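Dropping upload_9.cif in here (mmCIF, C-alpha atoms and all ligand atoms):
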```cif
data_model
#
loop_
_atom_site.label_atom_id
_atom_site.label_comp_id
_atom_site.auth_asym_id
_atom_site.auth_seq_id
_atom_site.Cartn_x
_atom_site.Cartn_y
_atom_site.Cartn_z
CA MET A 21 127.86 96.16 104.25
CA SER A 22 124.23 95.32 103.68
CA VAL A 23 120.99 96.07 105.48
CA SER A 24 118.45 93.32 105.22
CA PHE A 25 114.94 94.02 104.05
CA ARG A 26 111.88 91.87 104.38
CA TRP A 27 111.00 89.92 101.22
CA THR A 28 108.91 86.88 102.05
CA GLU A 29 107.81 83.88 99.96
CA GLU A 30 104.52 85.76 99.48
CA HIS A 31 106.36 88.82 98.13
CA ARG A 32 108.27 86.55 95.76
CA ARG A 33 104.95 85.46 94.24
CA LEU A 34 103.96 89.05 93.34
CA ARG A 35 104.16 90.28 89.75
CA VAL A 36 106.39 93.32 90.07
CA ALA A 37 106.73 96.10 87.51
CA ILE A 38 109.87 98.24 87.45
CA VAL A 39 109.24 101.25 85.24
CA GLY A 40 112.46 103.08 84.39
CA ALA A 41 114.46 99.85 84.65
CA ASN A 42 117.14 101.28 82.32
CA GLY A 43 118.04 104.04 84.72
CA ALA A 44 120.41 104.40 87.67
CA THR A 45 117.81 103.59 90.34
CA GLY A 46 115.83 101.12 88.23
CA GLN A 47 118.84 98.90 87.56
CA GLU A 48 119.75 98.91 91.22
CA LEU A 49 116.21 97.93 92.15
CA VAL A 50 116.25 95.01 89.71
CA GLU A 51 119.47 93.77 91.34
CA LEU A 52 118.09 94.15 94.87
CA LEU A 53 115.02 92.09 93.94
CA LEU A 54 117.10 89.41 92.20
CA ASP A 55 119.33 89.24 95.29
CA ALA A 56 116.17 88.77 97.38
CA GLY A 57 115.24 85.77 95.23
CA HIS A 58 112.47 87.38 93.21
CA PRO A 59 111.88 85.28 90.07
CA PRO A 60 112.84 87.18 86.89
CA SER A 61 109.74 85.67 85.24
CA LEU A 62 107.59 87.71 87.65
CA MET A 63 109.41 90.98 86.91
CA SER A 64 108.07 93.28 84.20
CA LEU A 65 110.80 95.74 83.21
CA SER A 66 110.01 98.79 81.13
CA ALA A 67 111.43 102.19 80.19
CA ARG A 68 110.99 104.80 77.51
CA SER A 69 113.19 102.81 75.14
CA GLU A 70 113.76 99.10 74.61
CA LYS A 71 116.99 97.69 75.99
CA ARG A 72 118.75 94.55 77.16
CA LEU A 73 119.75 94.83 80.79
CA ARG A 74 122.54 92.74 82.30
CA ALA A 75 121.93 92.13 85.99
CA ARG A 76 123.46 89.47 88.25
CA GLY A 77 124.61 87.44 85.25
CA LEU A 78 121.18 87.48 83.59
CA GLU A 79 120.21 89.24 80.40
CA LEU A 80 116.77 90.77 80.92
CA ARG A 81 114.52 92.48 78.39
CA VAL A 82 113.41 96.03 79.13
CA GLU A 83 110.27 96.76 77.10
CA PRO A 84 109.17 100.16 75.91
CA ILE A 85 106.60 101.42 78.44
CA ALA A 86 103.13 100.11 77.80
CA LEU A 87 100.83 100.81 80.69
CA GLY A 88 98.99 97.53 80.07
CA GLY A 89 102.00 95.49 81.24
CA ALA A 90 102.52 97.39 84.49
CA ALA A 91 98.76 97.56 85.11
CA ARG A 92 98.60 93.75 85.17
CA CYS A 93 101.17 93.63 87.99
CA ASP A 94 100.51 93.60 91.73
CA LEU A 95 103.22 96.08 92.67
CA ALA A 96 104.96 98.78 90.62
CA PHE A 97 108.12 100.73 91.35
CA LEU A 98 108.22 103.98 89.38
CA CYS A 99 111.91 104.80 88.83
CA THR A 100 110.93 107.54 86.44
CA PRO A 101 111.12 111.32 86.09
CA SER A 102 108.38 113.25 87.89
CA GLU A 103 106.33 113.94 84.77
CA ALA A 104 106.09 110.23 83.98
CA SER A 105 105.27 109.31 87.61
CA LEU A 106 102.58 111.97 87.72
CA GLU A 107 100.89 110.35 84.77
CA LEU A 108 101.48 106.70 85.65
CA ALA A 109 100.87 106.57 89.42
CA PRO A 110 97.14 107.46 89.44
CA ARG A 111 96.42 105.18 86.49
CA LEU A 112 98.19 102.21 88.09
CA CYS A 113 96.50 102.83 91.46
CA ALA A 114 93.13 102.96 89.69
CA ALA A 115 93.94 99.53 88.19
CA GLY A 116 94.51 98.18 91.72
CA VAL A 117 98.31 98.11 91.50
CA ARG A 118 100.22 99.12 94.61
CA VAL A 119 102.77 101.83 93.71
CA VAL A 120 106.07 102.95 95.24
CA ASP A 121 107.16 106.12 93.45
CA LEU A 122 110.81 107.22 93.56
CA SER A 123 110.23 110.61 91.95
CA SER A 124 109.43 113.91 93.66
CA ALA A 125 106.04 114.20 91.91
CA LEU A 126 103.78 113.17 94.80
CA ARG A 127 106.00 113.44 97.87
CA LEU A 128 104.37 116.50 99.38
CA ARG A 129 100.75 115.55 98.70
CA PRO A 130 99.11 115.38 102.15
CA ASP A 131 97.33 112.11 101.28
CA VAL A 132 100.53 110.36 100.14
CA PRO A 133 102.80 108.89 102.83
CA LEU A 134 106.45 109.81 102.33
CA VAL A 135 108.36 107.06 104.08
CA VAL A 136 111.82 106.24 105.39
CA PRO A 137 111.01 102.95 107.17
CA GLU A 138 113.46 103.46 110.06
CA VAL A 139 111.92 106.86 110.81
CA ASN A 140 108.19 106.82 110.00
CA GLY A 141 107.57 103.23 108.87
CA ASP A 142 104.50 103.23 111.16
CA LEU A 143 102.65 104.94 108.27
CA LEU A 144 102.81 101.66 106.36
CA ALA A 145 100.50 99.95 108.88
CA ALA A 146 97.57 101.58 107.08
CA GLU A 147 98.56 99.58 103.95
CA PRO A 148 98.56 102.59 101.56
CA SER A 149 98.15 101.95 97.83
CA LEU A 150 100.64 104.66 96.93
CA VAL A 151 103.84 105.46 98.84
CA ALA A 152 106.40 108.12 97.92
CA ASN A 153 110.11 107.55 98.38
CA PRO A 154 112.08 110.56 99.66
CA ASN A 155 114.70 112.69 97.97
CA CYS A 156 118.11 111.01 98.21
CA THR A 157 119.76 113.74 100.31
CA SER A 158 116.76 113.91 102.64
CA ALA A 159 116.85 110.13 103.21
CA ILE A 160 120.57 110.15 104.06
CA ALA A 161 120.35 113.12 106.42
CA LEU A 162 117.20 111.81 108.08
CA LEU A 163 118.60 108.67 109.66
CA PRO A 164 121.04 110.45 112.02
CA LEU A 165 118.72 113.46 112.43
CA ALA A 166 115.87 111.21 113.60
CA VAL A 167 118.09 109.93 116.42
CA VAL A 168 118.74 113.49 117.63
CA GLU A 169 115.04 114.31 117.30
CA ARG A 170 114.05 111.26 119.37
CA LEU A 171 116.58 111.90 122.16
CA PHE A 172 116.84 115.68 122.42
CA GLY A 173 114.33 117.26 120.01
CA LEU A 174 115.52 119.24 116.99
CA SER A 175 115.26 122.98 116.83
CA GLU A 176 117.35 124.07 113.81
CA VAL A 177 119.12 122.12 111.08
CA VAL A 178 121.74 123.59 108.75
CA LEU A 179 122.81 121.14 106.08
CA VAL A 180 125.41 121.34 103.32
CA SER A 181 125.38 118.56 100.73
CA TYR A 182 128.08 117.21 98.41
CA GLN A 183 126.10 115.25 95.84
CA ALA A 184 127.36 112.58 93.46
CA ALA A 185 127.05 112.71 89.68
CA SER A 186 124.74 109.67 89.60
CA GLY A 187 122.21 111.64 91.64
CA ALA A 188 121.28 113.07 88.26
CA GLY A 189 120.70 109.56 86.93
CA ALA A 190 122.56 107.51 84.38
CA ALA A 191 123.19 110.62 82.26
CA GLY A 192 124.97 112.37 85.16
CA LEU A 193 127.32 109.45 85.73
CA GLU A 194 127.98 109.16 82.02
CA ALA A 195 128.83 112.87 81.80
CA LEU A 196 131.35 112.68 84.66
CA ARG A 197 132.99 109.56 83.20
CA HIS A 198 133.20 111.19 79.78
CA GLU A 199 134.88 114.30 81.19
CA LEU A 200 137.31 112.29 83.35
CA ALA A 201 138.23 110.08 80.36
CA ASP A 202 138.86 113.19 78.31
CA LEU A 203 141.14 114.58 81.02
CA GLY A 204 142.93 111.22 81.23
CA ALA A 205 143.51 111.34 77.48
CA GLY A 206 145.15 114.75 77.80
CA GLY A 207 142.05 116.81 76.96
CA LYS A 208 140.56 119.69 78.93
CA GLY A 209 137.63 117.70 80.35
CA GLU A 210 135.13 120.19 78.93
CA ARG A 211 131.43 119.74 79.73
CA ALA A 212 130.21 116.47 78.17
CA PRO A 213 127.88 117.01 75.20
CA ASP A 214 124.76 115.45 76.82
CA SER A 215 125.56 116.45 80.37
CA PRO A 216 122.57 117.23 82.62
CA PHE A 217 124.82 119.65 84.56
CA ALA A 218 125.22 123.39 84.09
CA ALA A 219 129.01 123.13 83.62
CA ALA A 220 131.83 120.58 83.48
CA LEU A 221 131.80 118.52 86.69
CA ALA A 222 135.25 116.90 86.48
CA LEU A 223 137.73 118.76 88.77
CA ASN A 224 134.88 121.06 89.70
CA VAL A 225 132.13 121.80 92.25
CA LEU A 226 128.74 123.04 91.03
CA PRO A 227 127.11 125.05 93.81
CA ALA A 228 123.44 124.33 93.00
CA ILE A 229 121.42 121.17 92.37
CA ALA A 230 118.47 121.65 90.00
CA GLU A 231 117.15 125.05 88.99
CA VAL A 232 117.57 128.10 91.22
CA ASP A 233 114.47 130.21 91.91
CA ALA A 234 114.11 134.00 91.88
CA GLU A 235 115.23 134.18 95.53
CA GLY A 236 118.34 132.08 94.86
CA HIS A 237 117.24 128.77 96.42
CA SER A 238 117.72 125.57 94.43
CA GLY A 239 114.97 123.04 93.84
CA GLU A 240 116.91 120.49 95.90
CA GLU A 241 117.07 122.91 98.86
CA HIS A 242 113.28 123.33 98.81
CA LYS A 243 112.79 119.55 98.66
CA ILE A 244 115.12 118.90 101.60
CA ALA A 245 113.39 121.41 103.88
CA ALA A 246 109.88 120.26 103.01
CA GLU A 247 110.69 116.53 103.23
CA LEU A 248 112.56 116.71 106.55
CA LYS A 249 109.57 118.53 108.05
CA LYS A 250 107.05 116.06 106.62
CA ILE A 251 108.90 112.87 107.58
CA LEU A 252 109.84 114.07 111.06
CA ARG A 253 106.29 115.47 111.49
CA ARG A 254 107.84 118.79 112.51
CA ALA A 255 106.30 121.56 110.41
CA ASP A 256 107.94 124.06 112.80
CA LEU A 257 111.51 122.81 112.24
CA VAL A 258 113.94 125.42 110.90
CA VAL A 259 115.89 123.90 107.98
CA GLU A 260 118.51 125.71 105.92
CA SER A 261 120.53 123.96 103.27
CA SER A 262 123.05 124.53 100.54
CA THR A 263 123.40 121.79 97.92
CA ALA A 264 126.36 121.21 95.61
CA ARG A 265 127.32 118.68 92.95
CA VAL A 266 130.81 117.18 93.31
CA PRO A 267 132.83 114.93 90.98
CA VAL A 268 132.03 111.73 92.86
CA GLU A 269 130.41 108.76 91.07
CA ARG A 270 128.01 107.66 93.79
CA CYS A 271 127.20 108.50 97.45
CA HIS A 272 125.91 111.82 98.69
CA SER A 273 127.61 113.41 101.69
CA VAL A 274 126.05 115.88 104.12
CA ALA A 275 127.69 118.15 106.68
CA VAL A 276 125.05 118.90 109.30
CA HIS A 277 125.13 121.60 111.99
CA LEU A 278 122.16 121.63 114.33
CA LEU A 279 120.64 123.05 117.47
CA SER A 280 118.54 120.75 119.62
CA GLN A 281 115.78 121.64 122.07
CA ARG A 282 117.51 120.04 125.07
CA ASP A 283 121.19 119.74 126.05
CA ILE A 284 122.94 116.94 124.19
CA ASP A 285 124.46 114.05 126.13
CA LEU A 286 127.19 113.14 123.61
CA PRO A 287 128.00 109.59 124.85
CA LEU A 288 124.26 108.79 124.90
CA LEU A 289 123.86 110.10 121.36
CA GLU A 290 126.91 108.23 120.05
CA GLY A 291 125.69 104.98 121.62
CA ALA A 292 122.24 105.46 120.09
CA MET A 293 123.64 106.24 116.64
CA ALA A 294 125.98 103.24 116.78
CA SER A 295 123.07 100.91 117.55
CA THR A 296 120.38 102.36 115.27
CA ALA A 297 119.24 100.16 112.38
CA GLY A 298 120.41 101.55 109.06
CA LEU A 299 123.22 103.66 110.56
CA ALA A 300 126.90 102.67 110.55
CA TRP A 301 129.16 104.42 113.02
CA CYS A 302 132.49 105.69 111.67
CA ASP A 303 135.38 106.25 114.09
CA ASP A 304 137.86 107.40 111.47
CA PRO A 305 138.53 111.13 112.04
CA HIS A 306 138.90 111.44 108.24
CA GLY A 307 135.73 109.55 107.43
CA PRO A 308 133.19 108.58 106.33
CA ARG A 309 134.02 109.10 102.63
CA PRO A 310 131.88 108.50 99.55
CA ARG A 311 134.43 106.48 97.62
CA GLU A 312 134.66 103.85 100.38
CA CYS A 313 130.92 103.88 101.16
CA ALA A 314 129.77 103.39 97.54
CA GLY A 315 127.65 100.28 97.08
CA SER A 316 126.92 99.88 100.79
CA ASP A 317 123.46 100.03 102.37
CA PRO A 318 123.68 102.00 105.63
CA VAL A 319 124.12 105.70 106.17
CA HIS A 320 127.63 106.15 107.57
CA VAL A 321 127.92 108.79 110.27
CA GLY A 322 131.09 110.24 111.75
CA ARG A 323 132.84 113.40 112.90
CA VAL A 324 130.14 113.78 115.56
CA ARG A 325 131.20 116.69 117.75
CA ARG A 326 129.91 119.53 119.84
CA GLY A 327 129.20 122.73 117.97
CA ALA A 328 130.24 126.25 118.96
CA ARG A 329 126.78 127.39 120.11
CA GLY A 330 126.62 125.72 123.55
CA PRO A 331 125.35 122.36 124.87
CA ARG A 332 122.48 122.17 122.36
CA SER A 333 124.84 122.54 119.41
CA LEU A 334 126.10 119.58 117.38
CA SER A 335 127.87 118.87 114.08
CA PHE A 336 128.31 115.63 112.14
CA PHE A 337 129.12 114.31 108.68
CA ALA A 338 127.09 111.55 107.03
CA VAL A 339 127.53 109.64 103.79
CA GLY A 340 125.08 107.31 102.09
CA ASP A 341 124.84 105.58 98.74
CA GLN A 342 122.03 107.63 97.28
CA ILE A 343 121.14 104.99 94.70
CA ARG A 344 120.63 102.45 97.48
CA LYS A 345 119.38 104.02 100.74
CA GLY A 346 118.52 107.24 98.93
CA ALA A 347 116.39 105.43 96.37
CA ALA A 348 116.20 101.71 95.44
CA LEU A 349 116.90 100.15 98.85
CA ASN A 350 114.45 102.46 100.62
CA ALA A 351 111.81 101.59 98.02
CA VAL A 352 112.16 97.82 98.48
CA GLN A 353 112.25 98.25 102.27
CA VAL A 354 108.91 100.07 101.97
CA ALA A 355 107.40 97.41 99.70
CA GLY A 356 108.68 94.60 101.93
CA LEU A 357 106.92 96.08 104.95
CA LEU A 358 103.62 96.19 103.10
CA ALA A 359 101.53 93.05 102.86
CA ALA A 360 102.13 91.01 99.69
CA ARG A 361 98.78 92.14 98.29
CA ARG A 362 97.61 90.78 94.93
CA ARG A 363 95.83 93.00 92.44
CA PRO A 364 92.05 92.56 92.84
CA GLY A 365 90.38 90.26 90.33
CA ASP A 366 93.15 87.64 90.21
N1 LIG B 1 119.68 108.85 90.85
C1 LIG B 1 119.44 109.00 92.15
O1 LIG B 1 120.37 108.99 92.97
C2 LIG B 1 118.02 109.19 92.65
C3 LIG B 1 117.82 109.16 94.03
C4 LIG B 1 116.52 109.34 94.53
C5 LIG B 1 115.47 109.53 93.65
N2 LIG B 1 115.70 109.57 92.32
C6 LIG B 1 114.55 109.76 91.45
O2 LIG B 1 114.26 108.50 90.84
C7 LIG B 1 113.73 108.70 89.53
C8 LIG B 1 114.62 107.93 88.55
O3 LIG B 1 115.92 108.48 88.64
P1 LIG B 1 117.19 107.83 87.93
O4 LIG B 1 118.36 108.49 88.53
O5 LIG B 1 117.09 106.36 87.93
O6 LIG B 1 116.99 108.41 86.44
P2 LIG B 1 117.62 107.91 85.06
O7 LIG B 1 118.89 107.21 85.27
O8 LIG B 1 117.60 109.09 84.18
O9 LIG B 1 116.53 106.86 84.55
C9 LIG B 1 115.20 107.25 84.25
C10 LIG B 1 114.45 106.05 83.72
O10 LIG B 1 113.10 106.46 83.46
C11 LIG B 1 112.77 106.09 82.11
N3 LIG B 1 111.78 107.03 81.59
C12 LIG B 1 111.94 108.35 81.28
N4 LIG B 1 110.77 108.87 80.85
C13 LIG B 1 109.87 107.86 80.89
C14 LIG B 1 108.49 107.76 80.55
N5 LIG B 1 107.81 108.81 80.11
N6 LIG B 1 107.88 106.56 80.71
C15 LIG B 1 108.57 105.49 81.17
N7 LIG B 1 109.88 105.51 81.50
C16 LIG B 1 110.51 106.70 81.35
C17 LIG B 1 114.09 106.14 81.36
O11 LIG B 1 113.99 105.36 80.19
P3 LIG B 1 115.03 105.58 78.97
O12 LIG B 1 116.39 105.21 79.52
O13 LIG B 1 114.54 104.63 77.96
O14 LIG B 1 114.93 107.01 78.62
C18 LIG B 1 115.02 105.51 82.41
O15 LIG B 1 114.87 104.11 82.40
C19 LIG B 1 113.73 110.22 89.29
O16 LIG B 1 112.47 110.74 89.56
C20 LIG B 1 114.76 110.74 90.30
O17 LIG B 1 114.51 112.06 90.69
C21 LIG B 1 116.95 109.38 91.80
#
```

Output the structure of this file as C-alpha cells.
Ligand SMILES: NC(=O)c1ccc[n+]([C@@H]2O[C@H](COP(=O)([O-])OP(=O)(O)OC[C@H]3O[C@@H](n4cnc5c(N)ncnc54)[C@H](OP(=O)(O)O)[C@@H]3O)[C@@H](O)[C@H]2O)c1
Amino acid sequence: MSVSFRWTEEHRRLRVAIVGANGATGQELVELLLDAGHPPSLMSLSARSEKRLRARGLELRVEPIALGGAARCDLAFLCTPSEASLELAPRLCAAGVRVVDLSSALRLRPDVPLVVPEVNGDLLAAEPSLVANPNCTSAIALLPLAVVERLFGLSEVVLVSYQAASGAGAAGLEALRHELADLGAGGKGERAPDSPFAAALALNVLPAIAEVDAEGHSGEEHKIAAELKKILRRADLVVESSTARVPVERCHSVAVHLLSQRDIDLPLLEGAMASTAGLAWCDDPHGPRPRECAGSDPVHVGRVRRGARGPRSLSFFAVGDQIRKGAALNAVQVAGLLAARRRPGD
C-alpha cells in the first residue's frame, strides 16, 4: 500500500545528497528516490564509512562523508545521528543547500519548521531552507490525532508505544536478528554483542526507549510530548506517554487514550479517518498489526472505540512503518512539496 508523493521533472534534475545512506532510514530514502525516477547519477551517497549499497537492483557507492560533496548538492537529506546533523546542517545551509534533517537535533528550535505534511504542511509555503522531520512515534500518532484535533479539539493524550528494533537503526535490527538466530540454533538468545539495547530484545519487552532521566521519563517520552505540541500548535495539550521496545523488526505501534474538548461523534470520526490522506482504516478487530503493515506507507488505524470517561473519551490503536512514514517517506514528502530550488551560483 503506497502513498504517492510529489516528485516532478524539476525535482529529478536536483543534485541530492543522502548523508547516512548506509543506515536504516538512508537506504529506504535511496529506494524511495529511485522509485520516483531520480537518476542515480544525481545522487551523492555518503556515510561515516565507505560501502557498496544494493538498491533496486543497482550497486551504488557510498562515500565516506566529505562535506564538499554534499555542499555541492541542491538538496541534502541528513539520515544521521543528532551530533552529525548538528554539525552538518548549518554548514550545508550556509552553502545554499536545502536540508531535510531526520535527526532530533533541531526539531524543537523555534526557527526550524517540524513538519508532517498532512498535518502542518502549510509551513512549507514559506520555502524554508532547513526542515526537521519528526520522531517516528510522533509522526505515526499524529496522523489520527490530527483528525480528532480538527473535528473535536484535543484535551489530553495518553499514549503507549510498542517500538520496533529498527527504530534504533541498522544496529537495532541486526541485534534482534542475531538474538533470534541464536534462539533458533538452540542458544539462549542472550543480548547481542553490539546491541544498542539495554538488554536482550528477543522474547522480551524493554520498557524504556533511550536514556531515562532523574524523574524516570525516557528521552523518547520527552520528544513525543514536545513534538505533538509543536506540530499541532497546541502548547497547552496534556501529553503522557510510556514507550517500550518490542521484538518486532519494523513498524511502531501506539495505543492511544484521549479526552477531547467536545463530545465525539463516532461515525463522523470514523468516516473522517477512513478518508484522510495518509491514514488506512482497519476493520479487523485484531488489527492493525506491525508484521502485516511492514513496508507500507500509511498509518493504519483500528480498534477505534469509546473510552470509559464519557462522550469525550476515545481509544484507538495505530501502526505505521517507522522507517517509511516515521522517517524516509515523510522526508521525501516534505522535499517534494518544496520548490525544486537549485543551489545559488549554478
Ligand atoms: N530508524 C528509524 O526508525 C528512525 C526513525 C525516525 C528518525 N530516525 C533518525 O534518523 C537518523 C538516522 O537513523 P537510522 O536509524 O537510519 O540510523 P543508522 O541505521 O544507525 O544509520 C546512521 C547512518 O549515519 C551515518 N553516520 C553516523 N555518524 C556519521 C557522521 N558523523 N557523519 C556522517 N554519517 C554518519 C552512519 O554511517 P556508518 O554506517 O558508516 O556508521 C549510517 O549510515 C537518526 O538521527 C535517527 O534518530 C530514525

With distances taken over all atoms listed in the file, which residue among A:Ala125, A:Gly43, A:His58, A:Ser149 lies nearest Val354 (chain A)?
A:Ser149

Near-Pro101 (chain A) list (12 Å; all atoms listed in the file; drop same-chain fewer than 2 positions) as a PyMOL selection string
chain A and resi 39-40+43-46+67-68+98-99+103-109+121-126+188-189

Just how far from CA of Cys156 (chain A) is CA of Ser181 (chain A), in Å to one decimal?
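Going from CA of Ser181 (chain A) over to CA of Cys156 (chain A) covers 10.8 Å.
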
Using all atoms listed in the file, what does the table of region 166-265 of chain A residues within 12 Å of region 131-137 of chain A look like, with each row giving the shortest atom pair and its distance in Å to one decimal, sorted by chain and ascending number, as a Markdown table?
```
| residue | atom | partner | partner_atom | distance |
| --- | --- | --- | --- | --- |
| A:Ala166 | CA | A:Val136 | CA | 10.4 |
| A:Ala246 | CA | A:Leu134 | CA | 11.0 |
| A:Glu247 | CA | A:Leu134 | CA | 8.0 |
| A:Leu248 | CA | A:Leu134 | CA | 10.1 |
| A:Lys249 | CA | A:Leu134 | CA | 10.9 |
| A:Lys250 | CA | A:Leu134 | CA | 7.6 |
| A:Ile251 | CA | A:Leu134 | CA | 6.6 |
| A:Leu252 | CA | A:Val136 | CA | 9.9 |
| A:Arg253 | CA | A:Leu134 | CA | 10.8 |
```

Find the distance between CA of Gly77 (chain A) and CA of Leu52 (chain A) and write it in Å to one decimal.
13.4 Å
